[in-house]
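Raw model-v6.txt, compact mmCIF, C-alpha atoms (C1' of nucleotides):
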```txt
# COMPACT_ATOMS: atom_id res chain seq x y z
CA MET A 27 5.15 0.45 0.57
CA GLN A 28 4.19 0.22 4.19
CA ILE A 29 3.46 -2.51 6.70
CA ASN A 30 -0.10 -2.30 7.91
CA GLN A 31 -1.54 -1.58 11.29
CA ALA A 32 -2.28 -5.22 12.06
CA THR A 33 1.36 -6.11 11.50
CA ASP A 34 2.53 -3.29 13.71
CA TYR A 35 0.19 -4.45 16.46
CA SER A 36 1.51 -7.97 16.02
CA PHE A 37 5.08 -6.80 16.49
CA ARG A 38 4.03 -5.39 19.82
CA VAL A 39 2.19 -8.51 20.85
CA VAL A 40 5.13 -10.78 20.08
CA LEU A 41 7.57 -8.39 21.70
CA TYR A 42 5.42 -8.30 24.82
CA LEU A 43 5.13 -12.07 24.99
CA SER A 44 8.90 -12.26 24.56
CA THR A 45 9.42 -10.36 27.80
CA LEU A 46 7.47 -12.92 29.82
CA PRO A 47 8.94 -15.99 31.50
CA ARG A 48 8.98 -18.91 29.07
CA GLY A 49 5.65 -20.74 28.98
CA GLU A 50 3.57 -18.16 30.81
CA VAL A 51 0.00 -18.04 29.52
CA VAL A 52 -1.52 -14.59 29.28
CA GLU A 53 -5.08 -13.79 28.34
CA ALA A 54 -6.18 -11.53 25.52
CA GLN A 55 -7.43 -8.78 27.77
CA THR A 56 -4.08 -8.36 29.45
CA ILE A 57 -2.32 -8.12 26.11
CA ALA A 58 -4.85 -5.62 24.81
CA GLN A 59 -4.59 -3.41 27.85
CA THR A 60 -0.84 -3.36 28.26
CA GLN A 61 -0.18 -2.94 24.53
CA CYS A 62 -2.96 -0.44 23.81
CA ILE A 63 -4.68 -2.58 21.20
CA PRO A 64 -8.48 -2.72 20.84
CA MET A 65 -9.70 -6.09 22.13
CA ARG A 66 -11.83 -6.82 19.07
CA TYR A 67 -8.97 -6.02 16.81
CA LEU A 68 -6.65 -8.24 18.76
CA PHE A 69 -9.01 -11.15 18.31
CA LYS A 70 -8.73 -10.66 14.60
CA ILE A 71 -4.96 -10.92 14.37
CA MET A 72 -4.20 -13.60 16.97
CA PRO A 73 -5.49 -16.54 14.92
CA SER A 74 -3.05 -15.59 12.13
CA LEU A 75 -0.14 -15.69 14.55
CA THR A 76 -1.36 -19.02 15.86
CA ARG A 77 -1.72 -20.54 12.41
CA ALA A 78 1.79 -19.38 11.61
CA GLY A 79 3.10 -21.28 14.62
CA ILE A 80 4.41 -18.17 16.36
CA ILE A 81 2.12 -18.47 19.34
CA THR A 82 -0.13 -21.15 20.70
CA SER A 83 -3.57 -20.53 22.12
CA GLN A 84 -5.48 -22.17 24.88
CA ARG A 85 -9.23 -21.92 25.29
CA GLY A 86 -11.40 -22.09 28.33
CA VAL A 87 -10.91 -21.01 31.88
CA GLY A 88 -7.33 -20.03 32.54
CA GLY A 89 -6.68 -19.96 28.79
CA GLY A 90 -4.79 -17.40 26.78
CA TYR A 91 -1.71 -17.15 24.59
CA VAL A 92 1.88 -18.32 24.88
CA LEU A 93 4.87 -17.87 22.64
CA ALA A 94 5.39 -21.09 20.69
CA LYS A 95 9.13 -20.67 20.17
CA ASP A 96 12.13 -18.96 21.60
CA PRO A 97 12.20 -15.21 20.84
CA ALA A 98 15.55 -15.79 19.15
CA GLU A 99 13.75 -17.90 16.56
CA ILE A 100 11.03 -15.45 15.63
CA SER A 101 11.96 -12.79 13.08
CA LEU A 102 10.18 -9.66 11.93
CA LEU A 103 9.68 -11.41 8.60
CA ASP A 104 7.87 -14.31 10.30
CA VAL A 105 5.34 -11.89 11.75
CA ILE A 106 4.95 -9.89 8.55
CA GLU A 107 4.31 -13.02 6.51
CA ALA A 108 1.90 -14.36 9.10
CA ILE A 109 -0.26 -11.27 8.78
CA GLU A 110 0.26 -9.99 5.25
CA GLY A 111 1.62 -12.96 3.37
CA PRO A 112 4.88 -12.84 1.43
CA ILE A 113 6.37 -9.48 0.48
CA ARG A 114 5.84 -8.57 -3.17
CA LEU A 115 7.33 -5.28 -4.28
CA ASN A 116 5.25 -5.22 -7.45
CA ARG A 117 2.05 -6.82 -8.64
CA CYS A 118 3.84 -8.69 -11.37
CA PHE A 119 5.52 -10.77 -8.66
CA ILE A 120 2.12 -12.11 -7.73
CA ASP A 121 0.86 -12.73 -11.23
CA GLU A 122 2.77 -12.13 -14.42
CA HIS A 123 -0.34 -11.11 -16.29
CA TYR A 124 -0.22 -7.82 -14.40
CA CYS A 125 2.71 -6.91 -16.59
CA SER A 126 1.00 -5.59 -19.68
CA LYS A 127 4.30 -5.39 -21.48
CA ASN A 128 6.88 -8.02 -22.37
CA GLY A 129 6.71 -9.98 -19.16
CA PRO A 130 9.27 -10.77 -16.45
CA PRO A 131 12.09 -12.58 -18.28
CA ASP A 132 12.67 -9.64 -20.62
CA CYS A 133 11.90 -6.90 -18.12
CA PRO A 134 15.00 -5.27 -16.63
CA VAL A 135 12.92 -3.45 -14.03
CA HIS A 136 11.48 -6.72 -12.84
CA GLN A 137 14.93 -8.13 -12.34
CA ALA A 138 16.15 -5.11 -10.43
CA LEU A 139 13.12 -5.23 -8.16
CA ALA A 140 13.59 -8.94 -7.57
CA GLY A 141 17.08 -8.31 -6.22
CA ILE A 142 15.93 -5.54 -3.94
CA GLN A 143 13.02 -7.62 -2.70
CA GLN A 144 15.34 -10.46 -1.86
CA ARG A 145 17.57 -8.21 0.22
CA LEU A 146 14.56 -6.70 1.94
CA ASN A 147 13.37 -10.14 2.94
CA ALA A 148 16.81 -10.99 4.22
CA ASP A 149 16.91 -7.79 6.28
CA PHE A 150 13.55 -8.50 7.86
CA SER A 151 14.51 -12.05 8.70
CA LYS A 152 17.78 -10.99 10.28
CA VAL A 153 16.01 -9.18 13.09
CA VAL A 154 14.69 -11.54 15.75
CA PHE A 155 12.72 -10.62 18.84
CA SER A 156 15.43 -11.49 21.31
CA ASP A 157 17.40 -8.64 19.68
CA LEU A 158 14.63 -6.24 20.55
CA LEU A 159 14.58 -6.86 24.27
CA GLU A 160 16.67 -3.98 25.45
CA MET B 17 4.34 -3.23 1.05
CA GLN B 18 4.11 -2.72 -2.66
CA ILE B 19 4.87 0.00 -5.17
CA ASN B 20 1.71 1.13 -6.87
CA GLN B 21 0.61 0.95 -10.45
CA ALA B 22 1.44 4.57 -11.22
CA THR B 23 5.03 4.03 -10.10
CA ASP B 24 5.35 0.92 -12.21
CA TYR B 25 4.05 2.82 -15.23
CA SER B 26 6.53 5.57 -14.49
CA PHE B 27 9.42 3.12 -14.46
CA ARG B 28 8.41 2.13 -17.96
CA VAL B 29 8.05 5.71 -19.14
CA VAL B 30 11.49 6.69 -17.90
CA LEU B 31 13.05 3.52 -19.21
CA TYR B 32 11.51 4.18 -22.62
CA LEU B 33 12.70 7.78 -22.70
CA SER B 34 16.14 6.53 -21.72
CA THR B 35 16.36 4.51 -24.92
CA LEU B 36 15.84 7.55 -27.11
CA PRO B 37 18.61 9.80 -28.47
CA ARG B 38 19.39 12.52 -25.95
CA GLY B 39 17.05 15.51 -26.29
CA GLU B 40 14.43 13.87 -28.47
CA VAL B 41 10.93 15.14 -27.71
CA VAL B 42 8.19 12.54 -27.81
CA GLU B 43 4.50 13.18 -27.41
CA ALA B 44 2.22 11.56 -24.87
CA GLN B 45 0.36 9.45 -27.38
CA THR B 46 3.52 7.75 -28.56
CA ILE B 47 4.55 6.95 -25.00
CA ALA B 48 1.11 5.61 -24.17
CA GLN B 49 0.95 3.39 -27.22
CA THR B 50 4.43 1.92 -27.09
CA GLN B 51 4.33 1.35 -23.33
CA CYS B 52 0.75 0.11 -23.09
CA ILE B 53 -0.38 2.81 -20.68
CA PRO B 54 -3.87 4.37 -20.84
CA MET B 55 -3.55 7.93 -22.21
CA ARG B 56 -5.66 9.48 -19.48
CA TYR B 57 -3.67 7.71 -16.84
CA LEU B 58 -0.43 8.85 -18.36
CA PHE B 59 -1.58 12.45 -18.17
CA LYS B 60 -2.02 11.98 -14.48
CA ILE B 61 1.48 10.80 -13.70
CA MET B 62 3.57 12.93 -16.07
CA PRO B 63 3.20 16.20 -14.11
CA SER B 64 4.66 14.46 -11.05
CA LEU B 65 7.70 13.38 -13.01
CA THR B 66 8.06 16.89 -14.36
CA ARG B 67 7.80 18.50 -10.95
CA ALA B 68 10.47 16.14 -9.68
CA GLY B 69 12.83 17.31 -12.41
CA ILE B 70 13.10 13.89 -14.03
CA ILE B 71 11.56 14.96 -17.32
CA THR B 72 10.74 18.29 -18.89
CA SER B 73 7.56 18.99 -20.78
CA GLN B 74 6.86 21.21 -23.73
CA ARG B 75 3.38 22.38 -24.58
CA GLY B 76 1.82 23.31 -27.86
CA VAL B 77 2.38 22.07 -31.39
CA GLY B 78 5.36 19.77 -31.63
CA GLY B 79 5.46 19.52 -27.85
CA GLY B 80 5.91 16.47 -25.68
CA TYR B 81 8.29 15.10 -23.10
CA VAL B 82 12.07 14.80 -22.82
CA LEU B 83 14.32 13.30 -20.22
CA ALA B 84 15.73 16.10 -18.10
CA LYS B 85 18.92 14.31 -17.07
CA ASP B 86 21.21 11.55 -18.12
CA PRO B 87 19.74 8.08 -17.47
CA ALA B 88 22.77 7.39 -15.30
CA GLU B 89 21.55 10.09 -12.93
CA ILE B 90 18.00 8.87 -12.48
CA SER B 91 17.46 6.13 -9.92
CA LEU B 92 14.48 3.95 -9.13
CA LEU B 93 14.22 5.84 -5.87
CA ASP B 94 13.90 9.15 -7.71
CA VAL B 95 10.89 7.84 -9.58
CA ILE B 96 9.31 6.22 -6.54
CA GLU B 97 9.61 9.40 -4.52
CA ALA B 98 8.29 11.51 -7.40
CA ILE B 99 5.10 9.47 -7.49
CA GLU B 100 4.57 8.18 -3.96
CA GLY B 101 6.67 10.45 -1.81
CA PRO B 102 9.33 9.15 0.55
CA ILE B 103 9.28 5.51 1.61
CA ARG B 104 7.92 4.96 5.11
CA LEU B 105 7.86 1.41 6.33
CA ASN B 106 5.48 2.25 9.14
CA ARG B 107 2.99 4.98 9.88
CA CYS B 108 4.92 6.11 12.90
CA PHE B 109 7.64 7.32 10.54
CA ILE B 110 5.17 9.82 9.14
CA ASP B 111 3.74 10.96 12.42
CA GLU B 112 4.78 9.79 15.85
CA HIS B 113 1.28 10.08 17.21
CA TYR B 114 0.40 6.95 15.27
CA CYS B 115 2.41 5.07 17.85
CA SER B 116 -0.11 4.61 20.61
CA LYS B 117 2.58 3.22 22.89
CA ASN B 118 5.79 4.72 24.21
CA GLY B 119 6.87 6.46 21.06
CA PRO B 120 9.95 6.15 18.82
CA PRO B 121 12.90 6.84 21.11
CA ASP B 122 11.99 3.92 23.38
CA CYS B 123 10.60 1.62 20.73
CA PRO B 124 13.04 -1.09 19.68
CA VAL B 125 10.84 -2.08 16.75
CA HIS B 126 10.95 1.44 15.44
CA GLN B 127 14.71 1.42 15.50
CA ALA B 128 14.95 -1.89 13.69
CA LEU B 129 12.56 -0.71 11.01
CA ALA B 130 14.50 2.51 10.61
CA GLY B 131 17.63 0.60 9.76
CA ILE B 132 15.86 -1.62 7.25
CA GLN B 133 14.17 1.37 5.68
CA GLN B 134 17.50 3.08 5.26
CA ARG B 135 18.99 0.09 3.47
CA LEU B 136 15.92 -0.22 1.28
CA ASN B 137 16.28 3.41 0.23
CA ALA B 138 19.92 2.84 -0.52
CA ASP B 139 19.10 -0.21 -2.64
CA PHE B 140 16.52 1.68 -4.66
CA SER B 141 18.87 4.57 -5.24
CA LYS B 142 21.69 2.32 -6.36
CA VAL B 143 19.79 1.23 -9.46
CA VAL B 144 19.86 3.86 -12.21
CA PHE B 145 18.18 3.68 -15.58
CA SER B 146 21.33 3.37 -17.58
CA ASP B 147 21.82 0.04 -15.78
CA LEU B 148 18.51 -1.15 -17.13
CA LEU B 149 19.23 -0.65 -20.81
CA GLU B 150 20.21 -4.15 -21.74
C1' DC C 8 -4.39 37.08 -34.84
C1' DT C 9 -6.60 32.96 -35.32
C1' DT C 10 -6.44 28.05 -35.20
C1' DA C 11 -5.03 23.60 -34.07
C1' DA C 12 -2.04 20.72 -31.34
C1' DA C 13 -0.38 19.55 -27.25
C1' DA C 14 0.18 19.42 -22.06
C1' DT C 15 -2.28 20.78 -17.45
C1' DA C 16 -5.79 21.03 -13.86
C1' DT C 17 -9.78 19.66 -11.77
C1' DA C 18 -13.07 16.63 -10.62
C1' DC C 19 -15.57 12.42 -10.76
C1' DT C 20 -16.75 7.33 -10.54
C1' DC C 21 -16.07 2.71 -9.19
C1' DA C 22 -13.82 -1.04 -6.87
C1' DA C 23 -10.71 -2.78 -3.41
C1' DA C 24 -8.35 -2.62 0.88
C1' DG C 25 -7.83 -1.16 5.64
C1' DG C 26 -9.46 -0.31 10.19
C1' DG C 27 -12.63 -1.30 13.41
C1' DT C 28 -17.04 -3.49 15.59
C1' DA C 29 -20.61 -7.12 16.77
C1' DA C 30 -22.58 -11.30 17.84
C1' DA C 31 -22.99 -16.18 17.74
C1' DC C 32 -20.04 -20.37 18.44
C1' DA C 33 -16.74 -23.88 20.35
C1' DA C 34 -13.71 -25.58 23.82
C1' DT C 35 -12.12 -26.12 28.37
C1' DT C 36 -12.05 -26.26 33.30
C1' DA C 37 -14.10 -26.05 37.84
C1' DT D 28 -23.46 -27.81 33.80
C1' DA D 29 -22.08 -23.14 34.09
C1' DA D 30 -18.71 -19.72 33.46
C1' DT D 31 -14.67 -18.34 31.07
C1' DT D 32 -11.93 -17.64 27.19
C1' DG D 33 -10.51 -18.02 22.36
C1' DT D 34 -12.69 -18.67 17.29
C1' DT D 35 -15.44 -17.75 13.43
C1' DT D 36 -18.11 -15.13 10.48
C1' DA D 37 -19.98 -11.18 9.01
C1' DC D 38 -20.69 -6.43 8.71
C1' DC D 39 -19.80 -1.26 8.29
C1' DC D 40 -17.36 2.81 7.26
C1' DT D 41 -13.51 5.36 5.59
C1' DT D 42 -9.52 5.72 2.77
C1' DT D 43 -6.85 4.58 -1.12
C1' DG D 44 -6.15 3.13 -5.86
C1' DA D 45 -7.26 2.76 -10.67
C1' DG D 46 -9.20 4.69 -14.29
C1' DT D 47 -12.24 8.25 -16.95
C1' DA D 48 -14.03 12.82 -18.49
C1' DT D 49 -13.94 17.67 -19.35
C1' DA D 50 -12.45 22.17 -19.55
C1' DT D 51 -8.21 25.17 -19.71
C1' DT D 52 -3.71 26.99 -20.82
C1' DT D 53 0.33 27.24 -23.69
C1' DT D 54 2.64 27.31 -28.06
C1' DA D 55 3.77 27.07 -32.91
C1' DA D 56 2.18 27.61 -37.49
C1' DG D 57 -0.66 29.61 -41.03
```
Now, as a test, write the supplied structure out as structure tokens.
Amino acid sequence: MQINQATDYSFRVVLYLSTLPRGEVVEAQTIAQTQCIPMRYLFKIMPSLTRAGIITSQRGVGGGYVLAKDPAEISLLDVIEAIEGPIRLNRCFIDEHYCSKNGPPDCPVHQALAGIQQRLNADFSKVVFSDLLE
Amino acid sequence: MQINQATDYSFRVVLYLSTLPRGEVVEAQTIAQTQCIPMRYLFKIMPSLTRAGIITSQRGVGGGYVLAKDPAEISLLDVIEAIEGPIRLNRCFIDEHYCSKNGPPDCPVHQALAGIQQRLNADFSKVVFSDLLE
DNA sequence: CTTAAAATATACTCAAAGGGTAAACAATTA
DNA sequence: TAATTGTTTACCCTTTGAGTATATTTTAAG
């Protein structure tokens, strides 16, 4: 019931990129240093953010990373899903066979969790990075 | 970002006990069989529910488990906290030193997560077991 | 007071996930 | 073509999670 370290780092990365002038390319080392993230670790999470369309990357001399959208269009949920995949409050939301009892349609717990999960998703998607620039 | 297996089992245990006539003592084996939970595993989670005051246990011949309160007074949150402890969406809610940057008071992400966590707790505590008896 | 039934405590194994590191590779620009 | 910078793949170690085994304590009944 916790976001993982990679996601937390990613929040910081996106928040940092949001503070920069639109379109400014910044290299990995700068991000790592200013945000206190191990370089090697950073290299592991950046491709996920790129694939998710949150940032774009540029190789070669003068390369680096840029935000791909406006900070007002990137939510906490976008980053979470980019790194961890969709939020599933219980295993049976991934695969019904995990429910060794009657199965979802008849399971009142399942239904209650589904509602809570839906609200949680909504809450995470309501917060966008432009809100976080104080 | 998922409740664990022990918590899911516990939901089932409490839900099952909620269906019984008030005060009826039922032994571990019956719970395990009807709810499809491994006996040994059940023995591991029951003490936590007892300590949390959700059920009471009785040893010896004719012993077993009983619900300690009315199902209307036991929430999903009660069970989650009994098994997993309080919900913390990020490590820095457990210990600030996990935040290798500025620390909570200045961290806008921290504040956003705190709000979401609070609502999540509220949602979990709103659902009580009497609601789940269809 | 002894015995059997039941929960409790402790400890162990095995597999999976999380956090972090390393090195070879591919692309771009000067 | 050489240097710079991101990408890919793979590995290691520690922690957590799921499940199992055994010995112990409590209690009621004979």
Could you write out chain B as an mmCIF file with C-alpha atoms, in the coordinates of the input once it has been least-squares superposed on chain A using every ordered C-alpha pair?
```cif
data_model
loop_
_atom_site.group_PDB
_atom_site.id
_atom_site.type_symbol
_atom_site.label_atom_id
_atom_site.label_comp_id
_atom_site.auth_asym_id
_atom_site.auth_seq_id
_atom_site.Cartn_x
_atom_site.Cartn_y
_atom_site.Cartn_z
ATOM 1 C CA MET B 17 5.131 0.522 0.570
ATOM 2 C CA GLN B 18 4.189 0.256 4.192
ATOM 3 C CA ILE B 19 3.484 -2.468 6.714
ATOM 4 C CA ASN B 20 -0.078 -2.258 7.904
ATOM 5 C CA GLN B 21 -1.533 -1.560 11.289
ATOM 6 C CA ALA B 22 -2.264 -5.198 12.077
ATOM 7 C CA THR B 23 1.383 -6.098 11.508
ATOM 8 C CA ASP B 24 2.552 -3.278 13.722
ATOM 9 C CA TYR B 25 0.204 -4.445 16.469
ATOM 10 C CA SER B 26 1.530 -7.953 16.028
ATOM 11 C CA PHE B 27 5.107 -6.788 16.484
ATOM 12 C CA ARG B 28 4.053 -5.378 19.824
ATOM 13 C CA VAL B 29 2.192 -8.513 20.845
ATOM 14 C CA VAL B 30 5.140 -10.766 20.095
ATOM 15 C CA LEU B 31 7.581 -8.387 21.701
ATOM 16 C CA TYR B 32 5.429 -8.304 24.831
ATOM 17 C CA LEU B 33 5.135 -12.081 24.990
ATOM 18 C CA SER B 34 8.895 -12.264 24.556
ATOM 19 C CA THR B 35 9.400 -10.379 27.805
ATOM 20 C CA LEU B 36 7.451 -12.923 29.816
ATOM 21 C CA PRO B 37 8.928 -16.012 31.506
ATOM 22 C CA ARG B 38 8.971 -18.903 29.057
ATOM 23 C CA GLY B 39 5.647 -20.767 28.973
ATOM 24 C CA GLU B 40 3.562 -18.186 30.789
ATOM 25 C CA VAL B 41 -0.008 -18.054 29.493
ATOM 26 C CA VAL B 42 -1.536 -14.606 29.260
ATOM 27 C CA GLU B 43 -5.092 -13.808 28.309
ATOM 28 C CA ALA B 44 -6.190 -11.524 25.507
ATOM 29 C CA GLN B 45 -7.450 -8.788 27.772
ATOM 30 C CA THR B 46 -4.088 -8.380 29.445
ATOM 31 C CA ILE B 47 -2.326 -8.144 26.096
ATOM 32 C CA ALA B 48 -4.838 -5.624 24.808
ATOM 33 C CA GLN B 49 -4.582 -3.415 27.859
ATOM 34 C CA THR B 50 -0.825 -3.383 28.277
ATOM 35 C CA GLN B 51 -0.155 -2.937 24.559
ATOM 36 C CA CYS B 52 -2.918 -0.437 23.832
ATOM 37 C CA ILE B 53 -4.628 -2.580 21.212
ATOM 38 C CA PRO B 54 -8.432 -2.691 20.820
ATOM 39 C CA MET B 55 -9.693 -6.060 22.128
ATOM 40 C CA ARG B 56 -11.814 -6.777 19.080
ATOM 41 C CA TYR B 57 -8.941 -5.981 16.806
ATOM 42 C CA LEU B 58 -6.635 -8.218 18.753
ATOM 43 C CA PHE B 59 -9.028 -11.115 18.302
ATOM 44 C CA LYS B 60 -8.716 -10.630 14.601
ATOM 45 C CA ILE B 61 -4.957 -10.894 14.372
ATOM 46 C CA MET B 62 -4.202 -13.582 16.965
ATOM 47 C CA PRO B 63 -5.500 -16.526 14.887
ATOM 48 C CA SER B 64 -3.061 -15.570 12.120
ATOM 49 C CA LEU B 65 -0.158 -15.665 14.530
ATOM 50 C CA THR B 66 -1.360 -19.003 15.826
ATOM 51 C CA ARG B 67 -1.716 -20.501 12.374
ATOM 52 C CA ALA B 68 1.805 -19.374 11.569
ATOM 53 C CA GLY B 69 3.120 -21.266 14.583
ATOM 54 C CA ILE B 70 4.433 -18.156 16.314
ATOM 55 C CA ILE B 71 2.142 -18.456 19.315
ATOM 56 C CA THR B 72 -0.101 -21.173 20.661
ATOM 57 C CA SER B 73 -3.546 -20.552 22.047
ATOM 58 C CA GLN B 74 -5.458 -22.245 24.804
ATOM 59 C CA ARG B 75 -9.205 -21.977 25.106
ATOM 60 C CA GLY B 76 -11.459 -22.140 28.097
ATOM 61 C CA VAL B 77 -10.987 -21.095 31.702
ATOM 62 C CA GLY B 78 -7.425 -20.093 32.435
ATOM 63 C CA GLY B 79 -6.691 -20.020 28.718
ATOM 64 C CA GLY B 80 -4.805 -17.440 26.718
ATOM 65 C CA TYR B 81 -1.736 -17.160 24.550
ATOM 66 C CA VAL B 82 1.872 -18.328 24.833
ATOM 67 C CA LEU B 83 4.874 -17.878 22.629
ATOM 68 C CA ALA B 84 5.404 -21.070 20.665
ATOM 69 C CA LYS B 85 9.148 -20.660 20.159
ATOM 70 C CA ASP B 86 12.137 -18.946 21.604
ATOM 71 C CA PRO B 87 12.209 -15.200 20.838
ATOM 72 C CA ALA B 88 15.554 -15.782 19.152
ATOM 73 C CA GLU B 89 13.756 -17.889 16.560
ATOM 74 C CA ILE B 90 11.043 -15.427 15.628
ATOM 75 C CA SER B 91 11.963 -12.769 13.090
ATOM 76 C CA LEU B 92 10.185 -9.647 11.930
ATOM 77 C CA LEU B 93 9.701 -11.398 8.619
ATOM 78 C CA ASP B 94 7.883 -14.278 10.305
ATOM 79 C CA VAL B 95 5.361 -11.864 11.749
ATOM 80 C CA ILE B 96 4.975 -9.862 8.555
ATOM 81 C CA GLU B 97 4.332 -12.980 6.517
ATOM 82 C CA ALA B 98 1.906 -14.337 9.118
ATOM 83 C CA ILE B 99 -0.245 -11.236 8.794
ATOM 84 C CA GLU B 100 0.274 -9.954 5.260
ATOM 85 C CA GLY B 101 1.640 -12.919 3.381
ATOM 86 C CA PRO B 102 4.906 -12.803 1.469
ATOM 87 C CA ILE B 103 6.399 -9.452 0.509
ATOM 88 C CA ARG B 104 5.873 -8.538 -3.136
ATOM 89 C CA LEU B 105 7.346 -5.272 -4.259
ATOM 90 C CA ASN B 106 5.260 -5.232 -7.407
ATOM 91 C CA ARG B 107 2.054 -6.833 -8.574
ATOM 92 C CA CYS B 108 3.825 -8.707 -11.308
ATOM 93 C CA PHE B 109 5.507 -10.785 -8.609
ATOM 94 C CA ILE B 110 2.096 -12.113 -7.651
ATOM 95 C CA ASP B 111 0.832 -12.727 -11.133
ATOM 96 C CA GLU B 112 2.724 -12.149 -14.343
ATOM 97 C CA HIS B 113 -0.386 -11.130 -16.206
ATOM 98 C CA TYR B 114 -0.280 -7.841 -14.334
ATOM 99 C CA CYS B 115 2.645 -6.948 -16.543
ATOM 100 C CA SER B 116 0.919 -5.652 -19.628
ATOM 101 C CA LYS B 117 4.235 -5.462 -21.454
ATOM 102 C CA ASN B 118 6.787 -8.110 -22.330
ATOM 103 C CA GLY B 119 6.655 -10.030 -19.103
ATOM 104 C CA PRO B 120 9.262 -10.843 -16.429
ATOM 105 C CA PRO B 121 12.026 -12.674 -18.281
ATOM 106 C CA ASP B 122 12.634 -9.701 -20.583
ATOM 107 C CA CYS B 123 11.856 -6.962 -18.105
ATOM 108 C CA PRO B 124 14.963 -5.351 -16.639
ATOM 109 C CA VAL B 125 12.906 -3.507 -14.037
ATOM 110 C CA HIS B 126 11.477 -6.762 -12.817
ATOM 111 C CA GLN B 127 14.928 -8.174 -12.327
ATOM 112 C CA ALA B 128 16.144 -5.148 -10.416
ATOM 113 C CA LEU B 129 13.123 -5.246 -8.145
ATOM 114 C CA ALA B 130 13.612 -8.947 -7.551
ATOM 115 C CA GLY B 131 17.075 -8.344 -6.203
ATOM 116 C CA ILE B 132 15.939 -5.540 -3.921
ATOM 117 C CA GLN B 133 13.030 -7.612 -2.693
ATOM 118 C CA GLN B 134 15.360 -10.445 -1.837
ATOM 119 C CA ARG B 135 17.599 -8.191 0.229
ATOM 120 C CA LEU B 136 14.596 -6.668 1.955
ATOM 121 C CA ASN B 137 13.391 -10.127 2.951
ATOM 122 C CA ALA B 138 16.824 -10.960 4.239
ATOM 123 C CA ASP B 139 16.928 -7.762 6.296
ATOM 124 C CA PHE B 140 13.560 -8.465 7.867
ATOM 125 C CA SER B 141 14.523 -12.011 8.708
ATOM 126 C CA LYS B 142 17.792 -10.967 10.287
ATOM 127 C CA VAL B 143 16.022 -9.140 13.103
ATOM 128 C CA VAL B 144 14.687 -11.511 15.764
ATOM 129 C CA PHE B 145 12.732 -10.599 18.856
ATOM 130 C CA SER B 146 15.437 -11.446 21.302
ATOM 131 C CA ASP B 147 17.413 -8.611 19.681
ATOM 132 C CA LEU B 148 14.647 -6.211 20.564
ATOM 133 C CA LEU B 149 14.581 -6.830 24.295
ATOM 134 C CA GLU B 150 16.673 -3.938 25.450
#
```
Select, as a compact mmCIF listing (two decimals) with C-alpha atoms, in the coordinates of the input, those residues of chain A with any atom no more than 6 Å from chain D (distances computed using all atoms listed in the file).
```
# COMPACT_ATOMS: atom_id res chain seq x y z
CA ARG A 85 -9.23 -21.92 25.29
CA GLY A 86 -11.40 -22.09 28.33
CA VAL A 87 -10.91 -21.01 31.88
CA GLY A 89 -6.68 -19.96 28.79
```
>> Using only C-alpha atoms (C1' of nucleotides), which protein or nucleic acid residues come within 6 Å of Val41 of chain B? Drop anything in the same chain fewer than 2 positions from it, and give the result as a ChimeraX atom specification.
In response: /B:80-82
List every residue of chain C that has an atom at most 6 Å from any atom of chain A, and for each one report the closest atom pair and its distance in Å to one decimal, counting all atoms listed in the file, with rows sorted by chain and then by increasing residue number, as CSV.
```
residue,atom,partner,partner_atom,distance
C:DA34,C1',A:Arg85,CA,6.0
C:DT35,C1',A:Gly86,CA,4.1
C:DT36,C1',A:Val87,CA,5.6
```
Contact table chain B vs chain A, cut-off 6 Å, shortest pair per residue, all atoms listed in the file, as JSON lines:
```
{"residue": "B:Met17", "atom": "CA", "partner": "A:Met27", "partner_atom": "CA", "distance": 3.8}
{"residue": "B:Gln18", "atom": "CA", "partner": "A:Leu115", "partner_atom": "CA", "distance": 4.4}
{"residue": "B:Ile19", "atom": "CA", "partner": "A:Asn116", "partner_atom": "CA", "distance": 5.7}
{"residue": "B:Leu105", "atom": "CA", "partner": "A:Gln28", "partner_atom": "CA", "distance": 4.4}
{"residue": "B:Asn106", "atom": "CA", "partner": "A:Gln28", "partner_atom": "CA", "distance": 5.5}
{"residue": "B:Pro124", "atom": "CA", "partner": "A:Leu158", "partner_atom": "CA", "distance": 5.5}
{"residue": "B:Leu148", "atom": "CA", "partner": "A:Pro134", "partner_atom": "CA", "distance": 5.4}
```
Selected residues written out, C-alpha atoms, as a PDB file, keeping the file's coordinate frame:
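Below you can see selection.pdb, which holds the result:
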```pdb
ATOM      1  CA  MET B  17       4.340  -3.230   1.050  1.00  0.00           C
ATOM      2  CA  GLN B  18       4.110  -2.720  -2.660  1.00  0.00           C
ATOM      3  CA  ILE B  19       4.870   0.000  -5.170  1.00  0.00           C
ATOM      4  CA  LEU B 105       7.860   1.410   6.330  1.00  0.00           C
ATOM      5  CA  ASN B 106       5.480   2.250   9.140  1.00  0.00           C
ATOM      6  CA  PRO B 124      13.040  -1.090  19.680  1.00  0.00           C
ATOM      7  CA  LEU B 148      18.510  -1.150 -17.130  1.00  0.00           C
TER       8      LEU B 148
END
```
> When distances are computed from all atoms listed in the file, which of B:Val30, B:Ile99, B:Pro37, B:Ile90 shows the smallest separation from Lys60 of chain B?
Replying inline: B:Ile99
> Expressed in Å to a single decimal, how great is the separation between atom CA of Leu33 of chain B and atom C1' of DA14 of chain C?
Replying inline: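 About the pair atom CA of Leu33 of chain B and atom C1' of DA14 of chain C: they are 17.1 Å apart.
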> Hey, can you check how far atom CA of Glu99 of chain A sits from atom CA of Ala140 of chain A?
Replying inline: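 Interatomic distance, atom CA of Glu99 of chain A to atom CA of Ala140 of chain A: 25.7 Å.
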> What separation in Å, quoted to one decimal, exists between atom C1' of DA18 of chain C and atom CA of Phe59 of chain B?
Replying inline: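 Taking atom C1' of DA18 of chain C and atom CA of Phe59 of chain B, their separation equals 14.4 Å.
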